[in-house]
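Participant: Next comes target-v9.txt, compact mmCIF, C-alpha atoms:
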```txt
# COMPACT_ATOMS: atom_id res chain seq x y z
CA MET S 1 -14.49 38.91 1.84
CA ALA S 2 -16.20 35.56 1.40
CA LYS S 3 -12.99 34.12 -0.05
CA PHE S 4 -11.01 35.33 2.99
CA GLU S 5 -13.55 33.79 5.38
CA GLN S 6 -13.27 30.48 3.51
CA LYS S 7 -9.49 30.47 4.03
CA GLU S 8 -9.93 31.22 7.71
CA GLN S 9 -12.41 28.35 8.03
CA THR S 10 -10.00 25.96 6.32
CA ALA S 11 -7.20 26.99 8.68
CA ALA S 12 -9.52 26.46 11.64
CA GLU S 13 -10.38 22.98 10.39
CA LEU S 14 -6.70 22.12 10.00
CA ASN S 15 -5.98 23.33 13.52
CA GLU S 16 -8.82 21.16 14.81
CA LEU S 17 -7.30 18.12 13.08
CA LEU S 18 -3.94 18.86 14.69
CA LYS S 19 -5.64 19.18 18.07
CA VAL S 20 -7.36 15.81 17.63
CA LYS S 21 -4.04 14.13 16.78
CA ARG S 22 -2.42 15.49 19.91
CA GLU S 23 -5.36 14.29 21.98
CA LYS S 24 -4.92 10.82 20.51
CA LEU S 25 -1.24 10.88 21.47
CA ALA S 26 -2.13 12.00 25.00
CA ASN S 27 -4.62 9.11 25.30
CA LEU S 28 -1.98 6.62 24.13
CA GLN S 29 0.52 7.97 26.65
CA ALA S 30 -2.04 7.80 29.44
CA ALA S 31 -2.72 4.15 28.54
CA GLY S 32 1.00 3.33 28.68
CA LYS S 33 1.30 3.04 24.86
CA ASP S 34 3.55 6.01 24.17
CA PRO S 35 5.00 5.36 20.67
CA PHE S 36 7.85 7.79 21.30
CA LYS S 37 9.26 5.50 23.99
CA ILE S 38 9.86 2.79 21.40
CA THR S 39 13.42 3.22 20.19
CA LYS S 40 13.97 0.03 18.21
CA TYR S 41 12.02 -2.29 15.92
CA ASP S 42 13.31 -5.47 14.29
CA GLN S 43 12.64 -5.05 10.58
CA THR S 44 13.34 -8.22 8.59
CA HIS S 45 12.22 -7.16 5.11
CA HIS S 46 11.35 -4.16 2.96
CA SER S 47 8.21 -4.02 0.84
CA GLU S 48 9.64 -4.92 -2.58
CA GLU S 49 11.89 -7.58 -1.09
CA ALA S 50 8.90 -9.19 0.62
CA LYS S 51 6.80 -9.19 -2.56
CA ASN S 52 9.63 -10.68 -4.63
CA LEU S 53 10.23 -13.33 -1.99
CA TYR S 54 6.57 -14.35 -2.04
CA ASN S 55 6.46 -14.48 -5.85
CA GLU S 56 9.47 -16.80 -5.91
CA HIS S 57 8.03 -19.00 -3.15
CA GLU S 58 4.66 -19.17 -4.90
CA ALA S 59 6.29 -20.14 -8.19
CA LYS S 60 7.96 -23.11 -6.47
CA LEU S 61 4.96 -24.33 -4.46
CA LEU S 62 2.44 -23.93 -7.28
CA SER S 63 4.76 -25.06 -10.08
CA GLY S 64 2.84 -26.91 -12.77
CA ARG S 65 -0.58 -25.86 -11.46
CA ALA S 66 -2.67 -24.67 -14.39
CA ALA S 67 -4.87 -21.60 -14.19
CA VAL S 68 -8.55 -22.33 -13.69
CA ASN S 69 -10.43 -22.73 -16.98
CA THR S 70 -13.79 -20.92 -16.93
CA GLU S 71 -14.51 -21.16 -20.64
CA GLY S 72 -18.17 -21.94 -21.31
CA MET S 73 -19.22 -21.28 -17.69
CA SER S 74 -21.87 -18.85 -16.61
CA GLU S 75 -20.70 -15.73 -14.84
CA GLU S 76 -21.81 -17.13 -11.48
CA ASP S 77 -20.15 -20.51 -12.05
CA ALA S 78 -16.96 -18.85 -13.28
CA ARG S 79 -16.84 -16.71 -10.15
CA ALA S 80 -17.33 -19.77 -7.95
CA ALA S 81 -14.63 -21.72 -9.82
CA LYS S 82 -12.15 -18.86 -9.44
CA LYS S 83 -12.92 -18.58 -5.76
CA ALA S 84 -12.46 -22.32 -5.23
CA ASP S 85 -9.15 -22.21 -7.11
CA TYR S 86 -8.03 -19.23 -5.04
CA ASN S 87 -8.90 -21.02 -1.78
CA GLU S 88 -6.93 -24.09 -2.85
CA ARG S 89 -3.92 -21.95 -3.72
CA ARG S 90 -4.19 -20.09 -0.42
CA GLU S 91 -4.35 -23.35 1.48
CA ILE S 92 -1.12 -24.58 -0.18
CA MET S 93 0.69 -21.27 0.42
CA ASP S 94 -0.57 -20.81 4.00
CA ALA S 95 0.69 -24.29 4.88
CA ASP S 96 4.24 -23.03 4.31
CA PRO S 97 4.00 -19.32 5.13
CA ILE S 98 6.64 -16.61 4.78
CA ARG S 99 6.66 -14.46 7.89
CA VAL S 100 7.96 -10.92 7.71
CA SER S 101 8.43 -7.92 9.94
CA ILE S 102 8.12 -4.65 8.03
CA ALA S 103 8.03 -1.02 9.10
CA GLY S 104 6.95 2.18 7.39
CA ARG S 105 4.52 5.06 7.11
CA MET S 106 0.82 4.38 6.66
CA MET S 107 -0.29 6.21 3.51
CA PHE S 108 -3.78 4.76 3.15
CA LYS S 109 -6.31 2.86 5.24
CA ARG S 110 -9.78 1.51 4.66
CA ILE S 111 -11.87 0.38 7.64
CA MET S 112 -14.45 -2.32 6.86
CA GLY S 113 -16.05 -3.57 10.06
CA LYS S 114 -13.95 -6.36 11.52
CA ALA S 115 -11.38 -6.36 8.72
CA SER S 116 -9.44 -3.47 7.22
CA PHE S 117 -6.61 -2.66 4.84
CA MET S 118 -3.74 -0.19 4.93
CA ASN S 119 -0.76 0.61 2.72
CA ILE S 120 2.67 0.84 4.31
CA GLN S 121 5.34 2.91 2.54
CA ASP S 122 8.98 2.17 3.29
CA ARG S 123 12.31 2.89 1.61
CA ASP S 124 11.66 0.61 -1.37
CA GLY S 125 7.96 1.16 -2.08
CA ARG S 126 4.54 0.22 -0.73
CA ILE S 127 2.88 -2.97 0.41
CA GLN S 128 -0.71 -3.66 1.42
CA VAL S 129 -1.48 -4.92 4.92
CA TYR S 130 -4.62 -6.84 5.84
CA VAL S 131 -5.70 -6.03 9.39
CA ALA S 132 -8.30 -8.34 10.96
CA LYS S 133 -9.88 -8.03 14.38
CA ASP S 134 -9.74 -11.80 14.87
CA ALA S 135 -5.98 -11.84 14.36
CA LEU S 136 -5.13 -8.78 16.50
CA GLY S 137 -7.71 -8.84 19.25
CA ASP S 138 -10.29 -6.22 20.20
CA GLU S 139 -7.98 -3.68 21.88
CA ALA S 140 -5.28 -3.64 19.20
CA TYR S 141 -7.89 -3.41 16.44
CA ASP S 142 -9.67 -0.52 18.14
CA ASP S 143 -6.34 1.28 18.47
CA PHE S 144 -5.68 0.77 14.77
CA LYS S 145 -9.06 2.24 13.83
CA LYS S 146 -8.07 5.43 15.66
CA SER S 147 -4.82 5.74 13.71
CA ASP S 148 -4.10 8.57 11.25
CA ILE S 149 -2.57 8.69 7.80
CA GLY S 150 1.14 9.35 8.26
CA ASP S 151 1.52 7.23 11.40
CA ILE S 152 4.50 4.88 11.31
CA TYR S 153 3.80 1.21 12.05
CA GLY S 154 5.74 -1.94 12.61
CA VAL S 155 3.88 -4.95 11.18
CA LYS S 156 4.52 -8.63 11.84
CA GLY S 157 2.65 -11.25 9.89
CA TYR S 158 2.70 -13.63 6.94
CA LEU S 159 2.49 -12.95 3.22
CA PHE S 160 -0.46 -13.92 1.06
CA ARG S 161 -2.06 -12.96 -2.24
CA THR S 162 -5.51 -11.39 -2.28
CA MET S 163 -8.30 -12.40 -4.65
CA THR S 164 -7.37 -9.39 -6.80
CA GLY S 165 -3.80 -10.66 -7.06
CA GLU S 166 -1.99 -8.24 -4.74
CA VAL S 167 0.76 -9.62 -2.49
CA SER S 168 -0.05 -8.43 1.03
CA VAL S 169 0.86 -8.93 4.67
CA HIS S 170 -1.70 -10.61 6.92
CA ALA S 171 -0.99 -8.72 10.15
CA GLU S 172 -0.58 -10.74 13.33
CA GLU S 173 0.88 -7.87 15.32
CA LEU S 174 0.82 -4.08 14.90
CA VAL S 175 3.10 -1.68 16.76
CA LEU S 176 2.60 2.07 16.51
CA LEU S 177 6.18 3.31 16.26
CA CYS S 178 5.54 7.01 15.68
CA LYS S 179 2.41 9.16 15.89
CA ASN S 180 2.07 11.66 13.05
CA LEU S 181 1.13 15.03 14.56
CA GLN S 182 1.10 17.01 11.30
CA ASN S 183 -1.22 16.98 8.29
CA LEU S 184 0.17 15.55 5.07
CA PRO S 185 -0.75 17.25 1.77
CA GLU S 186 -4.12 16.27 0.31
CA LYS S 187 -3.70 12.84 -1.28
CA PHE S 188 -5.25 13.44 -4.72
CA HIS S 189 -3.18 16.51 -5.59
CA GLY S 190 -0.14 15.67 -3.48
CA LEU S 191 2.70 18.10 -3.04
CA THR S 192 3.11 20.11 -6.24
CA ASP S 193 4.32 23.55 -5.15
CA THR S 194 7.95 23.73 -6.32
CA ASP S 195 9.12 26.07 -3.56
CA THR S 196 7.60 23.88 -0.82
CA ARG S 197 9.06 20.74 -2.39
CA TYR S 198 12.57 22.18 -2.31
CA ARG S 199 12.27 23.71 1.16
CA GLN S 200 10.64 20.66 2.74
CA ARG S 201 12.34 17.73 1.06
CA TYR S 202 11.16 15.32 3.76
CA VAL S 203 7.52 16.00 2.82
CA ASP S 204 8.42 15.74 -0.87
CA LEU S 205 9.96 12.32 -0.24
CA ILE S 206 6.82 11.14 1.56
CA MET S 207 4.35 12.33 -1.07
CA ASN S 208 6.31 11.78 -4.31
CA PRO S 209 7.88 8.29 -4.51
CA GLU S 210 9.81 9.18 -7.69
CA VAL S 211 11.83 11.73 -5.69
CA LYS S 212 13.12 8.93 -3.47
CA ASP S 213 14.33 7.13 -6.59
CA THR S 214 16.25 10.29 -7.58
CA PHE S 215 17.98 10.36 -4.19
CA ILE S 216 18.90 6.67 -4.49
CA LYS S 217 20.23 7.10 -8.04
CA ARG S 218 22.30 10.11 -7.01
CA SER S 219 23.93 8.08 -4.24
CA LYS S 220 24.68 5.25 -6.68
CA ILE S 221 26.13 7.66 -9.26
CA ILE S 222 28.58 9.13 -6.75
CA LYS S 223 29.55 5.66 -5.55
CA GLU S 224 30.17 4.44 -9.10
CA ILE S 225 32.13 7.57 -10.07
CA ARG S 226 34.50 6.68 -7.25
CA ASN S 227 34.68 3.05 -8.35
CA PHE S 228 35.40 4.05 -11.95
CA LEU S 229 38.13 6.54 -11.09
CA ASP S 230 39.69 4.32 -8.43
CA ALA S 231 39.97 1.55 -11.04
CA ARG S 232 41.90 4.04 -13.22
CA ASP S 233 44.33 4.75 -10.41
CA PHE S 234 42.95 8.17 -9.48
CA MET S 235 43.31 9.42 -5.92
CA GLU S 236 40.38 11.10 -4.16
CA VAL S 237 41.41 14.18 -2.18
CA GLU S 238 39.84 16.96 -0.12
CA THR S 239 40.86 20.57 -0.68
CA PRO S 240 40.12 23.75 1.33
CA THR S 241 36.59 25.13 1.45
CA LEU S 242 37.62 28.46 3.00
CA VAL S 243 39.95 30.30 0.62
CA SER S 244 41.51 33.73 0.37
CA ASN S 245 40.95 33.88 -3.38
CA ALA S 246 37.80 32.22 -4.77
CA GLY S 247 39.02 31.39 -8.27
CA GLY S 248 38.47 28.74 -10.89
CA ALA S 249 35.12 30.09 -12.12
CA ALA S 250 33.30 33.36 -12.80
CA ALA S 251 30.88 33.61 -9.88
CA ARG S 252 30.21 35.79 -6.83
CA PRO S 253 31.47 34.08 -3.65
CA PHE S 254 30.08 34.03 -0.13
CA GLU S 255 32.31 35.92 2.27
CA THR S 256 33.05 35.33 5.94
CA HIS S 257 35.72 36.11 8.54
CA TYR S 258 38.36 33.79 10.01
CA ASN S 259 38.60 34.90 13.65
CA ALA S 260 41.70 32.90 14.53
CA LEU S 261 43.70 34.51 11.72
CA ASN S 262 41.80 37.82 11.70
CA GLU S 263 41.42 37.35 7.96
CA ASP S 264 38.53 37.80 5.54
CA VAL S 265 37.97 34.61 3.54
CA LYS S 266 35.55 33.25 0.96
CA LEU S 267 33.75 29.97 0.39
CA ARG S 268 35.14 28.26 -2.69
CA ILE S 269 33.27 28.58 -5.97
CA SER S 270 35.24 25.80 -7.67
CA LEU S 271 37.55 22.85 -6.93
CA GLU S 272 40.05 23.60 -9.67
CA LEU S 273 42.95 25.56 -8.23
CA TYR S 274 44.01 23.30 -5.36
CA LEU S 275 43.62 20.17 -7.50
CA LYS S 276 46.02 21.64 -10.05
CA ARG S 277 48.51 22.35 -7.26
CA LEU S 278 48.38 18.67 -6.31
CA ILE S 279 49.20 17.74 -9.91
CA VAL S 280 52.20 20.10 -9.67
CA GLY S 281 53.14 18.33 -6.44
CA GLY S 282 53.39 15.03 -8.31
CA LEU S 283 50.17 13.16 -7.46
CA GLU S 284 49.49 12.79 -11.23
CA ARG S 285 45.83 11.68 -11.03
CA VAL S 286 43.46 13.36 -8.56
CA TYR S 287 39.77 14.04 -8.21
CA GLU S 288 37.40 15.58 -5.69
CA ILE S 289 33.66 15.34 -5.13
CA GLY S 290 32.78 18.29 -2.94
CA ARG S 291 30.45 21.17 -2.18
CA VAL S 292 31.00 24.56 -3.79
CA TYR S 293 29.18 27.82 -3.07
CA ARG S 294 28.06 30.62 -5.38
CA ASN S 295 26.23 33.66 -4.05
CA GLU S 296 23.95 34.02 -7.04
CA GLY S 297 20.41 33.31 -8.28
CA VAL S 298 18.19 30.41 -7.19
CA ASP S 299 15.87 28.36 -9.39
CA THR S 300 15.17 24.68 -10.07
CA ARG S 301 18.51 24.37 -11.93
CA HIS S 302 20.68 26.64 -9.78
CA ASN S 303 21.43 26.40 -6.08
CA PRO S 304 23.81 28.53 -3.99
CA GLU S 305 25.52 25.33 -2.81
CA PHE S 306 25.90 22.22 -4.91
CA THR S 307 28.13 19.19 -5.42
CA LEU S 308 30.85 19.41 -8.05
CA MET S 309 33.22 16.73 -9.34
CA GLU S 310 36.52 17.70 -10.91
CA LEU S 311 39.44 15.51 -11.95
CA TYR S 312 42.90 16.19 -13.32
CA GLN S 313 45.44 13.87 -14.92
CA ALA S 314 49.07 14.48 -15.81
CA TYR S 315 50.73 13.23 -19.01
CA THR S 316 47.61 13.18 -21.18
CA ASP S 317 45.82 15.61 -23.50
CA TYR S 318 42.24 16.61 -24.26
CA GLU S 319 41.78 13.49 -26.40
CA GLY S 320 42.62 11.35 -23.37
CA MET S 321 40.19 13.33 -21.21
CA MET S 322 37.44 12.92 -23.81
CA GLU S 323 37.99 9.16 -23.80
CA LEU S 324 37.84 9.10 -20.00
CA THR S 325 34.65 11.18 -19.88
CA GLU S 326 32.88 9.10 -22.53
CA SER S 327 33.87 5.84 -20.83
CA MET S 328 32.73 7.12 -17.45
CA PHE S 329 29.26 8.10 -18.70
CA ARG S 330 28.85 4.73 -20.39
CA TYR S 331 29.99 2.92 -17.22
CA LEU S 332 27.61 4.94 -15.01
CA ALA S 333 24.64 4.28 -17.30
CA GLU S 334 25.26 0.53 -17.16
CA LYS S 335 25.91 0.39 -13.42
CA VAL S 336 23.14 2.73 -12.23
CA CYS S 337 20.42 2.21 -14.86
CA GLY S 338 21.29 -1.27 -16.09
CA SER S 339 21.54 -0.16 -19.71
CA THR S 340 23.38 2.30 -21.91
CA LYS S 341 20.00 3.44 -23.27
CA ILE S 342 18.18 5.91 -21.01
CA SER S 343 14.90 7.75 -21.55
CA TYR S 344 14.98 11.40 -20.46
CA ASN S 345 11.99 13.72 -20.99
CA GLY S 346 10.69 11.43 -23.70
CA ILE S 347 14.04 11.32 -25.55
CA GLU S 348 16.13 8.15 -25.72
CA LEU S 349 19.79 8.74 -24.96
CA ASP S 350 22.17 6.03 -26.12
CA PHE S 351 25.47 6.15 -24.23
CA GLY S 352 26.56 2.96 -25.96
CA LYS S 353 27.23 4.82 -29.21
CA PRO S 354 30.50 6.69 -29.75
CA PHE S 355 30.13 10.34 -28.73
CA ALA S 356 30.28 12.92 -31.51
CA ARG S 357 33.52 14.91 -31.28
CA LEU S 358 33.40 18.48 -32.58
CA THR S 359 35.46 21.58 -32.12
CA MET S 360 33.60 24.62 -30.83
CA ASN S 361 33.74 26.20 -34.30
CA ASP S 362 32.40 23.04 -35.94
CA ALA S 363 29.55 22.76 -33.40
CA ILE S 364 28.43 26.37 -33.92
CA LYS S 365 28.65 25.97 -37.67
CA LYS S 366 26.59 22.76 -37.58
CA TYR S 367 23.84 23.89 -35.20
CA ALA S 368 23.71 27.66 -35.75
CA GLY S 369 24.91 27.93 -39.32
CA ILE S 370 27.64 30.41 -38.39
CA ASP S 371 31.20 30.01 -39.63
CA PHE S 372 33.36 31.75 -37.02
CA ASP S 373 36.40 31.54 -39.25
CA ALA S 374 34.61 33.79 -41.76
CA VAL S 375 33.74 36.47 -39.19
CA ALA S 376 36.38 39.17 -39.66
CA THR S 377 35.21 42.07 -37.46
CA ASP S 378 33.49 42.77 -34.14
CA GLU S 379 30.66 44.46 -36.04
CA GLU S 380 29.97 41.28 -38.00
CA ALA S 381 29.99 39.25 -34.77
CA LYS S 382 27.55 41.67 -33.10
CA GLU S 383 25.22 41.56 -36.10
CA LEU S 384 25.19 37.75 -36.07
CA ALA S 385 24.50 37.72 -32.32
CA LYS S 386 21.59 40.10 -32.79
CA LYS S 387 20.25 37.98 -35.63
CA HIS S 388 20.24 34.94 -33.32
CA ASN S 389 18.62 36.82 -30.40
CA ILE S 390 21.79 36.86 -28.30
CA GLU S 391 22.15 39.97 -26.15
```
In structure tokens, what does this structure look like?
Facilitator:
Amino acid sequence: MAKFEQKEQTAAELNELLKVKREKLANLQAAGKDPFKITKYDQTHHSEEAKNLYNEHEAKLLSGRAAVNTEGMSEEDARAAKKADYNERREIMDADPIRVSIAGRMMFKRIMGKASFMNIQDRDGRIQVYVAKDALGDEAYDDFKKSDIGDIYGVKGYLFRTMTGEVSVHAEELVLLCKNLQNLPEKFHGLTDTDTRYRQRYVDLIMNPEVKDTFIKRSKIIKEIRNFLDARDFMEVETPTLVSNAGGAAARPFETHYNALNEDVKLRISLELYLKRLIVGGLERVYEIGRVYRNEGVDTRHNPEFTLMELYQAYTDYEGMMELTESMFRYLAEKVCGSTKISYNGIELDFGKPFARLTMNDAIKKYAGIDFDAVATDEEAKELAKKHNIE
């Protein structure tokens, strides 16, 4: 009972937080600062681009300047020397500032009297923003203090490096572009529930930066597959999604009805059949990257709809297709990851090496110790399957 009451209390607290956020929005709207009326913001840089730009600019302006030498100094004197060196560096950099206009979601803020910090997360990563009352003015700073994690801001200002060495934006103007009216997952544990992550990908993208990298890599992979195949004179085509016979694979299809033709049809489970018809028609080299649908189980490795790539080429054999496949994987590794060596789950994969080429019989003999050519009867095959825990 006590556990149930605790859950109810937590839900009540969350509802109160949501209520407070909506009250803040109402106050902004009443003051003529409705963020939802802002439909455009001029963004000049993203976070990583801004940091790289500053590092390059700093290297030029401070070229040849040696690091401060504190050897033999007391702790207090060393601290003073480092501070003096930092101030000199800041003075040089601030004399020729890089101004930026960034935009993104606030993922952290720390209020410290008349000066505060926040982290802005955009498409490329995160960057720290220094927010000072003197630079913004009383009203804008008070508005910022009332902001919530998850709010989306536009920030104009100049870049600088903090005493701790972090490239940051010194805000000269803040614009609240979107008021967050929902509660993000708790910051220390993040979003870890697999089902929620898959059902609410937008929250997953906000809370888990590595997921965004997966999305970006996927887009690059598809782009480079097209580039690779186009360079080999393949033609990209689109084939029917609604089919009368869902063939090309062993899977249960989704079924629907075509009203105009009064015909029962299925969603395709493969791309194969129509691509082969195009080969028959004389197109010689075709490929398709498209969605297919299989009305079967769901887990982290299986989805009822997914993207499939299939290609077909006339006047070649399986050796030619193996060469194409190996070359494509090597090309994609170089283009997308910058190297033919990739680490996956702690294992280094080297796509630069020639791929091992085995027949099915040779592979089973090598890795399972079974010589299929020596299996003479069904009974022997069943006994071997049982021995290797295959049902």
Participant: Hey, what's within 8 Å of Tyr287 of chain S if we count only C-alpha atoms and toss same-chain stuff fewer than 6 positions away? As a list of chain:residue names, please?
Facilitator: S:Phe234, S:Met235, S:Glu236, S:Val237, S:Leu275, S:Met309, S:Glu310, S:Leu311, S:Tyr312
Participant: Could you tell me which of S:Leu271, S:Cys178, S:Val265, S:Val292 comes closest to Thr39 of chain S if we count only C-alpha atoms?
Facilitator: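 Using only C-alpha atoms, the shortest distance to Thr39 of chain S belongs to S:Cys178.
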Participant: Nearest to Phe351 of chain S: which of S:Met328, S:Ala67, S:Ile111, S:Ala368 is it, counting all atoms listed in the file?
Facilitator: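 Closest to Phe351 of chain S of all the choices is S:Met328.
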Participant: Taking only C-alpha atoms into account, which of S:Gln121, S:Ser101, S:Asn183, S:Ser147 comes nearest Ala171 of chain S?
Facilitator: S:Ser101
Participant: Do you have the atom CA of Ala50 of chain S-atom CA of Val100 of chain S distance handy?
Facilitator: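 Calculated distance between atom CA of Ala50 of chain S and atom CA of Val100 of chain S is 7.4 Å.
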Participant: Show me the residues close to (-2.8, -24.7, -9.8) - anything with an atom within 9 Å, counting only C-alpha atoms - and format the list as an NGL selection string.
Facilitator: :S and (62-68 or 85-86 or 88-89)
Participant: Limited to C-alpha atoms, could you put the picked residues into a file as a tab-separated table (two decimals), in the frame of the given file?
Facilitator:
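This is the output file out.tsv:
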```
chain	number	residue	atom	x	y	z
S	62	LEU	CA	2.44	-23.93	-7.28
S	63	SER	CA	4.76	-25.06	-10.08
S	64	GLY	CA	2.84	-26.91	-12.77
S	65	ARG	CA	-0.58	-25.86	-11.46
S	66	ALA	CA	-2.67	-24.67	-14.39
S	67	ALA	CA	-4.87	-21.60	-14.19
S	68	VAL	CA	-8.55	-22.33	-13.69
S	85	ASP	CA	-9.15	-22.21	-7.11
S	86	TYR	CA	-8.03	-19.23	-5.04
S	88	GLU	CA	-6.93	-24.09	-2.85
S	89	ARG	CA	-3.92	-21.95	-3.72
```
Participant: For a quick check of understanding, using only C-alpha atoms, which of S:Glu49, S:Asp124, S:Glu334, S:Asp317 has the smallest distance to Ile221 of chain S?
Facilitator: S:Glu334
Participant: Between S:Thr241, S:Asn345, S:Gln182, S:Thr359, which is the closest to Glu255 of chain S once you count all atoms listed in the file?
Facilitator: S:Thr241
Participant: What's the separation between atom CA of Ile364 of chain S and atom CA of Ala381 of chain S, in Å to one decimal place?
Facilitator: 13.0 Å
Participant: Return as AutoDock Vina command-line options the box centre and box size in Å, one decimal, for an axis-aligned box around all listed atoms of segment 258-269 of chain S padded by 3 Å per side.
Facilitator:
```
--center_x 38.5 --center_y 33.0 --center_z 4.3 --size_x 16.4 --size_y 15.6 --size_z 26.5
```
Participant: List as a Markdown table every residue of segment 289-329 of chain S that is in contact with segment 337-341 of chain S, defined as an atom at most 12 Å from one of its atoms (using only C-alpha atoms), together with the nearest atom pair and the distance in Å rounded to one decimal, sorted by chain and then rising number.
Facilitator:
```
| residue | atom | partner | partner_atom | distance |
| --- | --- | --- | --- | --- |
| S:Glu326 | CA | S:Thr340 | CA | 11.7 |
| S:Ser327 | CA | S:Thr340 | CA | 11.1 |
| S:Met328 | CA | S:Thr340 | CA | 11.4 |
| S:Phe329 | CA | S:Thr340 | CA | 8.9 |
```
Participant: Go ahead and compute the interatomic distance for atom CA of Glu323 of chain S and atom CA of Glu238 of chain S, in Å to one decimal.
Facilitator: 25.0 Å
Participant: Calculated over all atoms listed in the file, which of the candidates S:Lys83, S:Asn15, S:Val286, S:Ile92 has the smallest distance to Thr164 of chain S?
Facilitator: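 Looking only at the distances to Thr164 of chain S, the closest residue turns out to be S:Lys83.
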Participant: With a distance cut-off of 10 Å and all atoms listed in the file, select the neighbouring residues of Arg161 of chain S, excluding the residue or stretch itself and same-chain residues fewer than 6 positions from it, and output the selection as a VMD selection string.
Facilitator: chain S and resid 51 54 to 55 58 86 89 to 90 93 167 to 170
Participant: Write the residues of the selection above to a file with C-alpha atoms, as a JSON list (two decimals), in the coordinates of the input.
Facilitator:
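To be explicit, this is the file written out as part09.json:
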```json
[["chain", "number", "residue", "atom", "x", "y", "z"],
["S", 51, "LYS", "CA", 6.80, -9.19, -2.56],
["S", 54, "TYR", "CA", 6.57, -14.35, -2.04],
["S", 55, "ASN", "CA", 6.46, -14.48, -5.85],
["S", 58, "GLU", "CA", 4.66, -19.17, -4.90],
["S", 86, "TYR", "CA", -8.03, -19.23, -5.04],
["S", 89, "ARG", "CA", -3.92, -21.95, -3.72],
["S", 90, "ARG", "CA", -4.19, -20.09, -0.42],
["S", 93, "MET", "CA", 0.69, -21.27, 0.42],
["S", 167, "VAL", "CA", 0.76, -9.62, -2.49],
["S", 168, "SER", "CA", -0.05, -8.43, 1.03],
["S", 169, "VAL", "CA", 0.86, -8.93, 4.67],
["S", 170, "HIS", "CA", -1.70, -10.61, 6.92]]
```
Participant: Could you rebuild segment 265-279 of chain S with N, CA and C atoms and give me the result as a short mmCIF file (atom, residue, chain, number, x, y, z; two decimals), in the coordinates of the input?
Facilitator:
```
data_model
loop_
_atom_site.label_atom_id
_atom_site.label_comp_id
_atom_site.auth_asym_id
_atom_site.auth_seq_id
_atom_site.Cartn_x
_atom_site.Cartn_y
_atom_site.Cartn_z
N VAL S 265 37.84 35.73 4.47
CA VAL S 265 37.97 34.61 3.54
C VAL S 265 36.66 34.42 2.79
N LYS S 266 36.72 33.54 1.79
CA LYS S 266 35.55 33.25 0.96
C LYS S 266 35.31 31.76 0.91
N LEU S 267 34.06 31.37 0.66
CA LEU S 267 33.75 29.97 0.39
C LEU S 267 34.08 29.69 -1.07
N ARG S 268 34.68 28.55 -1.33
CA ARG S 268 35.14 28.26 -2.69
C ARG S 268 33.99 28.22 -3.68
N ILE S 269 34.26 28.64 -4.90
CA ILE S 269 33.27 28.58 -5.97
C ILE S 269 33.63 27.48 -6.98
N SER S 270 34.78 26.85 -6.77
CA SER S 270 35.24 25.80 -7.67
C SER S 270 36.24 24.92 -6.92
N LEU S 271 36.57 23.77 -7.52
CA LEU S 271 37.55 22.85 -6.93
C LEU S 271 38.90 22.93 -7.64
N GLU S 272 38.96 23.69 -8.69
CA GLU S 272 40.05 23.60 -9.67
C GLU S 272 41.44 23.91 -9.14
N LEU S 273 41.61 25.04 -8.47
CA LEU S 273 42.95 25.56 -8.23
C LEU S 273 43.80 24.65 -7.35
N TYR S 274 43.23 24.16 -6.26
CA TYR S 274 44.01 23.30 -5.36
C TYR S 274 44.30 21.94 -5.98
N LEU S 275 43.38 21.45 -6.82
CA LEU S 275 43.62 20.17 -7.50
C LEU S 275 44.81 20.30 -8.45
N LYS S 276 44.90 21.43 -9.14
CA LYS S 276 46.02 21.64 -10.05
C LYS S 276 47.34 21.73 -9.28
N ARG S 277 47.30 22.28 -8.08
CA ARG S 277 48.51 22.35 -7.26
C ARG S 277 48.97 20.94 -6.87
N LEU S 278 48.01 20.05 -6.65
CA LEU S 278 48.38 18.67 -6.31
C LEU S 278 49.02 17.96 -7.50
N ILE S 279 48.56 18.28 -8.71
CA ILE S 279 49.20 17.74 -9.91
C ILE S 279 50.65 18.23 -9.97
#
```
